[in-house]
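Following: one structure in structure tokens, then a few remarks.
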Amino acid sequence: MKRRSEALPVSVAILAVAISMSGPRASAAANLTVQPAPPPSADAVPLALASRLDPQGAQLFSGGTPLCNLWVLKSVAAVPSSSSEPDILYGNLQVGELVGVMQVLAPAQDFRHQKVPPGVYTLRYGQIPQDGNHMGASQYRDFLLLGPVAADTRLDAVLGFDDLVNLSRKTAGTGHPAVLSLIPASSSVRTLPGVFNDDSGNQVVQFSLPEQGGSGSQATPVALVIVPGAQSGEQ
């Protein structure tokens, strides 16, 4: 990861979308609100997966309507960043690595404005390929891909790129994976998890991701777009 924050609690749930001082400026107003989410229920998340999640999750609301529940793993494996490219923010995560779980409570859209039906999905880290088909799709190449929890049976595996994409295609039922954009974390978000709008109209939530690596454990602020703006992911 690009930045560390020793003050962030490791027990805060995962998904976050945020803006850094070097990225787009965060707006003071946000349509999203966040409250603690209950632990995942046994009928929603298999025990083998639920036991790996921090039971304290985050529930996101829009206008009083619950959108989704988010739970992060108790810890993820951090590796030395494989990239120094400025469009890769979370290079300490491995492509295909399991990061957390999202329970979609109301019909939603991904970053490409594909429909995401209500249900429970695993969240795995991915990067936009550097090819002509994806040029200009996003300023940053970091994404979380949603895969139906019932179809993601290799919980201990870091999936290869093709397997990751094929799993996520089952979410939207199209030829494209279902993706949520990750952007830089914002130092202006003082309480985690926190929410705001960015200047592109994206509605975002910021939280803390516990990591376990060679240098010990630490918590990293992560940012994830929950409601994409009108111009997001048009390609």
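In the structure tokens, chains take letters A, B, ... by order of appearance, with residues numbered from 1 within each chain and ligands from 1 in the order shown.
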Contact residues around A:Gln94 with only C-alpha atoms at 9 Å, ignoring same-chain residues under 4 positions, as a list in words:
Ala77, Ala78, Val79, Ser81, Ser82, Tyr90, Leu98, Tyr125, Gly126 and Val158 of chain A
What residues in stretch 33-213 of chain A get the DSSP label strand (DSSP E)? Please answer as number ranges by chain.
A: 33-37, 57-62, 65-72, 76-77, 98-104, 108-109, 115-116, 119-127, 142-148, 178-181, 194-197, 203-213
Can you measure atom CA of A:Gln103 to atom CA of A:Phe196 for me? One decimal in Å is fine.
20.5 Å
Show me, as CSV, the residues of stretch 94-125 of chain A having an atom within 9 Å of stretch 207-230 of chain A, each with the closest atom pair and its distance in Å, using only C-alpha atoms.
residue,atom,partner,partner_atom,distance
A:Val99,CA,A:Leu209,CA,8.5
A:Ala108,CA,A:Val227,CA,8.2
A:Gln109,CA,A:Val227,CA,7.3
A:Asp110,CA,A:Pro228,CA,7.2
A:Phe111,CA,A:Pro228,CA,5.6
A:Arg112,CA,A:Pro228,CA,8.2
A:His113,CA,A:Pro228,CA,7.5
Print the selection's residues with C-alpha atoms to a file, as a PDB file, in the first residue's frame.
ATOM      1  CA  VAL A  99     -10.303  -9.285   0.810  1.00  0.00           C
ATOM      2  CA  ALA A 108     -27.235  -1.977  -7.219  1.00  0.00           C
ATOM      3  CA  GLN A 109     -24.756  -1.104  -9.954  1.00  0.00           C
ATOM      4  CA  ASP A 110     -21.057  -1.737 -10.294  1.00  0.00           C
ATOM      5  CA  PHE A 111     -18.479   0.780 -11.562  1.00  0.00           C
ATOM      6  CA  ARG A 112     -19.472  -0.041 -15.168  1.00  0.00           C
ATOM      7  CA  HIS A 113     -23.142   0.564 -14.292  1.00  0.00           C
TER       8      HIS A 113
END
Under the rule that only C-alpha atoms are counted, which of A:Trp71, A:Phe161, A:Tyr140, A:Tyr121 is the nearest residue to A:Glu97?
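The shortest atom-to-atom distance to A:Glu97 comes from A:Phe161.
Atom CA of A:Leu123 to atom CA of A:Leu144 spans 5.7 Å [interatomic distance, one decimal].
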Hey, can you check how far atom CA of A:Gly64 sits from atom CA of A:Ala106?
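Pair atom CA of A:Gly64 / atom CA of A:Ala106 returns 12.2 Å.
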Taking only C-alpha atoms into account, which of A:Ala172, A:Leu164, A:Ala48, A:Val205 comes nearest A:Val116?
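Comparing A:Ala172, A:Leu164, A:Ala48, A:Val205 against A:Val116, the winner is A:Ala172.
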Have a look at A:Asp156, A:Ser181, A:Pro36, A:Pro55 and name the one nearest to A:Phe143; count only C-alpha atoms.
A:Ser181
Which of these residues is nearest to A:Ala150, using only C-alpha atoms: A:Gly96, A:Pro177, A:Pro38, A:Gly119?
A:Gly119
Test item, alpha helix (DSSP H) assignment across stretch 47-168 of chain A, answer as JSON, numbers by chain:
{"A": [47, 48, 49, 50, 161, 162, 163, 164, 165, 166, 167, 168]}
Would you save the residues of that selection, restricted to N, CA and C atoms, as a compact mmCIF listing (two decimals), in the first residue's frame?
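The file below, out-v3.txt, is the result:
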# COMPACT_ATOMS: atom_id res chain seq x y z
N LEU A 47 -19.95 -20.87 7.11
CA LEU A 47 -19.16 -20.78 8.33
C LEU A 47 -17.67 -20.69 8.03
N ALA A 48 -17.22 -21.45 7.03
CA ALA A 48 -15.79 -21.44 6.71
C ALA A 48 -15.31 -20.05 6.31
N LEU A 49 -16.19 -19.26 5.71
CA LEU A 49 -15.85 -17.90 5.33
C LEU A 49 -16.14 -16.93 6.46
N ALA A 50 -17.27 -17.08 7.13
CA ALA A 50 -17.65 -16.17 8.21
C ALA A 50 -16.61 -16.15 9.33
N PHE A 161 -5.75 -14.58 -12.91
CA PHE A 161 -6.56 -13.52 -13.49
C PHE A 161 -7.77 -14.07 -14.24
N ASP A 162 -7.59 -15.09 -15.05
CA ASP A 162 -8.71 -15.63 -15.82
C ASP A 162 -9.78 -16.21 -14.89
N ASP A 163 -9.36 -16.95 -13.87
CA ASP A 163 -10.33 -17.51 -12.92
C ASP A 163 -11.06 -16.41 -12.17
N LEU A 164 -10.36 -15.36 -11.83
CA LEU A 164 -10.96 -14.23 -11.12
C LEU A 164 -12.04 -13.57 -11.97
N VAL A 165 -11.73 -13.33 -13.23
CA VAL A 165 -12.69 -12.68 -14.13
C VAL A 165 -13.89 -13.58 -14.38
N ASN A 166 -13.64 -14.86 -14.61
CA ASN A 166 -14.74 -15.79 -14.88
C ASN A 166 -15.69 -15.90 -13.69
N LEU A 167 -15.13 -15.90 -12.48
CA LEU A 167 -15.97 -15.93 -11.28
C LEU A 167 -16.83 -14.68 -11.20
N SER A 168 -16.25 -13.52 -11.44
CA SER A 168 -16.98 -12.27 -11.30
C SER A 168 -18.01 -12.07 -12.40
